[in-house]
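File shown here: structure_35.pdb, holding PDB, C-alpha atoms.
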ATOM      1  CA  ASP A  23     -89.207  -0.937  41.282
ATOM      2  CA  LEU A  24     -88.277  -0.568  37.636
ATOM      3  CA  ALA A  25     -86.762  -4.073  37.449
ATOM      4  CA  ARG A  26     -89.860  -5.563  39.067
ATOM      5  CA  ALA A  27     -92.143  -3.743  36.624
ATOM      6  CA  VAL A  28     -90.124  -5.013  33.659
ATOM      7  CA  ARG A  29     -90.294  -8.604  34.904
ATOM      8  CA  GLU A  30     -94.034  -8.326  35.649
ATOM      9  CA  ARG A  31     -94.574  -7.447  32.001
ATOM     10  CA  GLY A  32     -92.925 -10.738  31.040
ATOM     11  CA  ALA A  33     -89.567  -9.416  29.893
ATOM     12  CA  GLU A  34     -86.315 -11.043  30.864
ATOM     13  CA  LEU A  35     -84.013  -8.579  32.552
ATOM     14  CA  VAL A  36     -80.303  -9.288  32.377
ATOM     15  CA  THR A  37     -78.092  -7.248  34.668
ATOM     16  CA  HIS A  38     -74.375  -6.607  34.629
ATOM     17  CA  ASP A  39     -72.241  -6.339  37.739
ATOM     18  CA  PHE A  40     -68.819  -5.607  36.191
ATOM     19  CA  ALA A  41     -67.383  -8.893  37.522
ATOM     20  CA  TRP A  42     -64.415  -8.808  35.167
ATOM     21  CA  LEU A  43     -63.513  -5.238  36.080
ATOM     22  CA  ARG A  44     -63.882  -5.939  39.795
ATOM     23  CA  SER A  45     -61.552  -8.934  39.455
ATOM     24  CA  GLN A  46     -58.675  -6.924  37.985
ATOM     25  CA  PRO A  47     -55.800  -5.847  40.243
ATOM     26  CA  MET A  48     -55.648  -2.212  41.238
ATOM     27  CA  ARG A  49     -52.856  -0.094  39.783
ATOM     28  CA  GLY A  50     -51.668   1.887  42.730
ATOM     29  CA  PRO A  51     -53.577   3.046  45.777
ATOM     30  CA  GLY A  52     -56.894   4.809  45.436
ATOM     31  CA  PRO A  53     -57.789   8.054  47.162
ATOM     32  CA  ARG A  54     -57.805   8.076  50.950
ATOM     33  CA  GLU A  55     -60.231  10.962  51.296
ATOM     34  CA  ARG A  56     -63.669   9.985  52.588
ATOM     35  CA  THR A  57     -65.425  12.144  49.985
ATOM     36  CA  VAL A  58     -64.714  11.622  46.294
ATOM     37  CA  VAL A  59     -66.181  14.066  43.773
ATOM     38  CA  LEU A  60     -66.553  13.313  40.084
ATOM     39  CA  GLY A  61     -65.857  16.291  37.881
ATOM     40  CA  THR A  62     -68.390  17.404  35.287
ATOM     41  CA  SER A  63     -68.472  18.673  31.726
ATOM     42  CA  LEU A  64     -71.564  20.771  32.488
ATOM     43  CA  VAL A  65     -69.420  23.848  33.245
ATOM     44  CA  ARG A  66     -67.290  23.620  30.094
ATOM     45  CA  ASN A  67     -70.376  22.983  27.987
ATOM     46  CA  GLY A  68     -71.935  26.187  29.334
ATOM     47  CA  LEU A  69     -74.871  24.382  30.930
ATOM     48  CA  ILE A  70     -74.284  25.434  34.537
ATOM     49  CA  HIS A  71     -72.782  28.597  35.938
ATOM     50  CA  ARG A  72     -69.116  28.245  36.812
ATOM     51  CA  ASP A  73     -69.305  30.307  40.024
ATOM     52  CA  HIS A  74     -72.119  28.211  41.490
ATOM     53  CA  TYR A  75     -70.172  25.017  40.804
ATOM     54  CA  PHE A  76     -66.985  26.347  42.376
ATOM     55  CA  GLY A  77     -68.925  27.661  45.367
ATOM     56  CA  TRP A  78     -70.326  24.161  45.919
ATOM     57  CA  LEU A  79     -66.835  22.642  45.696
ATOM     58  CA  ALA A  80     -65.456  25.222  48.143
ATOM     59  CA  GLY A  81     -68.181  24.269  50.617
ATOM     60  CA  LEU A  82     -67.253  20.601  50.314
ATOM     61  CA  GLY A  83     -63.559  21.349  50.776
ATOM     62  CA  SER A  84     -64.300  23.269  53.960
ATOM     63  CA  THR A  85     -65.921  20.215  55.589
ATOM     64  CA  GLY A  86     -62.957  17.875  55.191
ATOM     65  CA  PRO A  87     -60.541  16.490  52.608
ATOM     66  CA  VAL A  88     -62.025  15.876  49.164
ATOM     67  CA  ALA A  89     -60.616  13.820  46.297
ATOM     68  CA  TYR A  90     -61.547  15.319  42.926
ATOM     69  CA  PHE A  91     -61.503  13.185  39.791
ATOM     70  CA  PRO A  92     -61.850  15.416  36.736
ATOM     71  CA  HIS A  93     -64.123  14.778  33.816
ATOM     72  CA  ARG A  94     -62.115  14.034  30.679
ATOM     73  CA  ARG A  95     -63.404  17.199  29.024
ATOM     74  CA  GLU A  96     -62.937  19.679  31.855
ATOM     75  CA  ASP A  97     -61.336  22.957  30.928
ATOM     76  CA  PRO A  98     -57.675  23.068  32.088
ATOM     77  CA  GLY A  99     -58.223  26.518  33.602
ATOM     78  CA  ASP A 100     -61.197  25.274  35.586
ATOM     79  CA  LEU A 101     -59.223  22.252  36.738
ATOM     80  CA  ALA A 102     -56.404  24.505  37.940
ATOM     81  CA  ARG A 103     -59.006  26.517  39.862
ATOM     82  CA  VAL A 104     -60.320  23.336  41.492
ATOM     83  CA  GLY A 105     -56.746  22.471  42.515
ATOM     84  CA  ARG A 106     -56.383  25.813  44.286
ATOM     85  CA  GLN A 107     -59.452  25.149  46.456
ATOM     86  CA  PRO A 108     -58.424  24.443  50.069
ATOM     87  CA  GLY A 109     -59.145  20.867  51.137
ATOM     88  CA  ILE A 110     -59.430  19.494  47.583
ATOM     89  CA  THR A 111     -56.850  17.220  45.971
ATOM     90  CA  VAL A 112     -57.129  16.766  42.221
ATOM     91  CA  TYR A 113     -56.249  13.273  41.029
ATOM     92  CA  ASP A 114     -55.199  12.194  37.558
ATOM     93  CA  GLY A 115     -58.352  11.619  35.590
ATOM     94  CA  GLY A 116     -56.653   9.696  32.782
ATOM     95  CA  ALA A 117     -58.762   6.548  33.180
ATOM     96  CA  PRO A 118     -62.547   6.169  33.424
ATOM     97  CA  ALA A 119     -63.921   6.609  36.938
ATOM     98  CA  GLU A 120     -65.135   3.007  36.957
ATOM     99  CA  MET A 121     -61.533   1.810  36.654
ATOM    100  CA  THR A 122     -59.991   4.351  38.990
ATOM    101  CA  LEU A 123     -62.524   4.231  41.827
ATOM    102  CA  ARG A 124     -63.380   0.523  41.941
ATOM    103  CA  GLY A 125     -61.216   0.013  45.033
ATOM    104  CA  LEU A 126     -63.060   2.488  47.267
ATOM    105  CA  GLY A 127     -64.121   1.273  50.699
ATOM    106  CA  ALA A 128     -67.423   1.421  52.554
ATOM    107  CA  GLU A 129     -66.199   4.382  54.615
ATOM    108  CA  GLN A 130     -65.990   6.464  51.444
ATOM    109  CA  ARG A 131     -68.666   8.076  49.312
ATOM    110  CA  VAL A 132     -68.851   9.404  45.781
ATOM    111  CA  LEU A 133     -70.609  12.672  44.960
ATOM    112  CA  SER A 134     -71.486  13.698  41.429
ATOM    113  CA  LEU A 135     -73.744  15.987  39.521
ATOM    114  CA  PRO A 136     -76.045  13.961  37.235
ATOM    115  CA  SER A 137     -73.896  11.760  34.995
ATOM    116  CA  THR A 138     -74.007   8.420  33.220
ATOM    117  CA  ALA A 139     -70.965   7.395  35.283
ATOM    118  CA  VAL A 140     -73.167   7.416  38.380
ATOM    119  CA  THR A 141     -75.212   4.517  37.024
ATOM    120  CA  SER A 142     -72.240   2.234  36.452
ATOM    121  CA  LEU A 143     -70.474   3.289  39.665
ATOM    122  CA  ARG A 144     -73.565   2.396  41.700
ATOM    123  CA  VAL A 145     -73.530  -1.108  40.230
ATOM    124  CA  LEU A 146     -69.769  -1.487  40.595
ATOM    125  CA  LEU A 147     -69.412  -0.113  44.121
ATOM    126  CA  SER A 148     -72.617  -1.256  45.819
ATOM    127  CA  ALA A 149     -71.095  -4.641  46.683
ATOM    128  CA  ARG A 150     -68.303  -2.788  48.512
ATOM    129  CA  GLY A 151     -70.791  -0.716  50.517
ATOM    130  CA  VAL A 152     -69.789   2.565  48.868
ATOM    131  CA  VAL A 153     -72.572   5.130  48.608
ATOM    132  CA  VAL A 154     -72.736   6.927  45.257
ATOM    133  CA  GLU A 155     -74.798  10.099  45.608
ATOM    134  CA  THR A 156     -76.045  12.313  42.828
ATOM    135  CA  VAL A 157     -76.337  15.958  43.763
ATOM    136  CA  ASP A 158     -79.354  17.741  42.311
ATOM    137  CA  VAL A 159     -78.468  20.757  40.201
ATOM    138  CA  PRO A 160     -80.287  23.735  41.741
ATOM    139  CA  ASP A 161     -82.397  25.735  39.284
ATOM    140  CA  GLU A 162     -80.240  28.850  39.646
ATOM    141  CA  TRP A 163     -77.132  26.935  38.514
ATOM    142  CA  TRP A 164     -78.539  26.236  35.043
ATOM    143  CA  THR A 165     -77.719  28.612  32.201
ATOM    144  CA  ALA A 166     -80.092  29.556  29.396
ATOM    145  CA  GLN A 167     -78.267  26.983  27.222
ATOM    146  CA  ALA A 168     -79.599  24.119  29.363
ATOM    147  CA  ALA A 169     -82.889  23.244  27.708
ATOM    148  CA  PRO A 170     -85.680  21.893  29.927
ATOM    149  CA  SER A 171     -85.500  18.572  28.059
ATOM    150  CA  LEU A 172     -81.798  18.237  28.963
ATOM    151  CA  ARG A 173     -82.505  19.011  32.601
ATOM    152  CA  THR A 174     -85.222  16.342  32.648
ATOM    153  CA  HIS A 175     -82.944  13.819  30.946
ATOM    154  CA  LEU A 176     -80.138  14.411  33.449
ATOM    155  CA  SER A 177     -82.535  14.109  36.377
ATOM    156  CA  MET A 178     -83.008  10.429  35.403
ATOM    157  CA  PHE A 179     -79.518   9.787  36.764
ATOM    158  CA  ALA A 180     -80.086  11.693  39.960
ATOM    159  CA  HIS A 181     -82.255   9.289  41.924
ATOM    160  CA  HIS A 182     -82.221   5.969  40.128
ATOM    161  CA  ASP A 183     -81.942   3.183  42.707
ATOM    162  CA  THR A 184     -81.307   5.576  45.579
ATOM    163  CA  GLY A 185     -83.276   7.807  47.876
ATOM    164  CA  VAL A 186     -80.217   9.933  48.626
ATOM    165  CA  THR A 187     -79.561  13.444  47.368
ATOM    166  CA  GLY A 188     -76.533  15.578  48.057
TER     167      GLY A 188
END
How does this structure look as structure tokens?
Amino acid sequence: DLARAVRERGAELVTHDFAWLRSQPMRGPGPRERTVVLGTSLVRNGLIHRDHYFGWLAGLGSTGPVAYFPHRREDPGDLARVGRQPGITVYDGGAPAEMTLRGLGAEQRVLSLPSTAVTSLRVLLSARGVVVETVDVPDEWWTAQAAPSLRTHLSMFAHHDTGVTG
């Protein structure tokens, strides 16, 4: 809808599909787990409550194997806690998610709290049939440090180009 509205106003819209990145050979196998979760910096930044986040992860791990790709700024203690969750395997997050996850298959899905990575992963993985879902952050997860303007800004990433919520 947004692209159509831009074009109707007479603007030229140029899109990017990460063709070069998609053409590069994979370095090693990707995760085999059906569900892949992108880590977040929201916990370390004090924007969401740690216990709510870990409760959500525990629920995911109880439904089947989960691959967890940490955010580059996640607290090492939090990451160790994620690794102790039953059903969750933590993968090396040394490279951007777009590079690491570009080989996922249509039988897999990516879950993430609102993040800019979601936007690029949707473009990169849509041709492969991979669903990239943004999980809404429930109101009770937010801390007092998360200003309403930040919450609104992050919600832009939640449902862009998808009707799916986690």
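Considering the residues A:Asp73, A:Glu162, A:Glu55, A:Asp39 and counting all atoms listed in the file, Asp100 of chain A has its shortest atom-to-atom contact with A:Asp73.
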Write out as a VMD selection string the residues lying within 9 Å of Leu43 of chain A, counting all atoms listed in the file and excluding same-chain residues fewer than 2 positions away. chain A and resid 39 to 41 45 to 47 120 to 121 124 146
Can you tell me, as a list of chain:residue names, what residues are no more than 12 Å from Arg95 of chain A when counting only C-alpha atoms, ignoring any on the same chain fewer than 4 positions away? A:Gly61, A:Thr62, A:Ser63, A:Leu64, A:Val65, A:Arg66, A:Asn67, A:Phe91, A:Gly99, A:Asp100, A:Leu101, A:Gly115, A:Gly116, A:Pro118
Select, from A:Thr165, A:Gln107, A:Ser177, A:Thr156, the residue with the minimum atom-to-atom distance to Ser134 of chain A, counting all atoms listed in the file. A:Thr156
Report, in Å with one decimal, the straight-line distance from atom CA of Asp161 of chain A to atom CA of Gly86 of chain A. 26.3 Å
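Here atom CA of Ser142 of chain A is placed at a distance of 25.4 Å from atom CA of Phe76 of chain A.
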Excluding segment 111-113 of chain A and its own-chain neighbours fewer than 5 positions away, which residues fall within 12 Å of it when counting only C-alpha atoms? Please give them as an MDAnalysis selection string. chainID A and resid 51:61 79:80 82:83 86:94 98 100:106 119 122:123
Please write the residues from the selection above to a file, keeping C-alpha atoms, as a PDB file, keeping the file's coordinate frame.
ATOM      1  CA  PRO A  51     -53.577   3.046  45.777  1.00  0.00           C
ATOM      2  CA  GLY A  52     -56.894   4.809  45.436  1.00  0.00           C
ATOM      3  CA  PRO A  53     -57.789   8.054  47.162  1.00  0.00           C
ATOM      4  CA  ARG A  54     -57.805   8.076  50.950  1.00  0.00           C
ATOM      5  CA  GLU A  55     -60.231  10.962  51.296  1.00  0.00           C
ATOM      6  CA  ARG A  56     -63.669   9.985  52.588  1.00  0.00           C
ATOM      7  CA  THR A  57     -65.425  12.144  49.985  1.00  0.00           C
ATOM      8  CA  VAL A  58     -64.714  11.622  46.294  1.00  0.00           C
ATOM      9  CA  VAL A  59     -66.181  14.066  43.773  1.00  0.00           C
ATOM     10  CA  LEU A  60     -66.553  13.313  40.084  1.00  0.00           C
ATOM     11  CA  GLY A  61     -65.857  16.291  37.881  1.00  0.00           C
ATOM     12  CA  LEU A  79     -66.835  22.642  45.696  1.00  0.00           C
ATOM     13  CA  ALA A  80     -65.456  25.222  48.143  1.00  0.00           C
ATOM     14  CA  LEU A  82     -67.253  20.601  50.314  1.00  0.00           C
ATOM     15  CA  GLY A  83     -63.559  21.349  50.776  1.00  0.00           C
ATOM     16  CA  GLY A  86     -62.957  17.875  55.191  1.00  0.00           C
ATOM     17  CA  PRO A  87     -60.541  16.490  52.608  1.00  0.00           C
ATOM     18  CA  VAL A  88     -62.025  15.876  49.164  1.00  0.00           C
ATOM     19  CA  ALA A  89     -60.616  13.820  46.297  1.00  0.00           C
ATOM     20  CA  TYR A  90     -61.547  15.319  42.926  1.00  0.00           C
ATOM     21  CA  PHE A  91     -61.503  13.185  39.791  1.00  0.00           C
ATOM     22  CA  PRO A  92     -61.850  15.416  36.736  1.00  0.00           C
ATOM     23  CA  HIS A  93     -64.123  14.778  33.816  1.00  0.00           C
ATOM     24  CA  ARG A  94     -62.115  14.034  30.679  1.00  0.00           C
ATOM     25  CA  PRO A  98     -57.675  23.068  32.088  1.00  0.00           C
ATOM     26  CA  ASP A 100     -61.197  25.274  35.586  1.00  0.00           C
ATOM     27  CA  LEU A 101     -59.223  22.252  36.738  1.00  0.00           C
ATOM     28  CA  ALA A 102     -56.404  24.505  37.940  1.00  0.00           C
ATOM     29  CA  ARG A 103     -59.006  26.517  39.862  1.00  0.00           C
ATOM     30  CA  VAL A 104     -60.320  23.336  41.492  1.00  0.00           C
ATOM     31  CA  GLY A 105     -56.746  22.471  42.515  1.00  0.00           C
ATOM     32  CA  ARG A 106     -56.383  25.813  44.286  1.00  0.00           C
ATOM     33  CA  ALA A 119     -63.921   6.609  36.938  1.00  0.00           C
ATOM     34  CA  THR A 122     -59.991   4.351  38.990  1.00  0.00           C
ATOM     35  CA  LEU A 123     -62.524   4.231  41.827  1.00  0.00           C
TER      36      LEU A 123
END
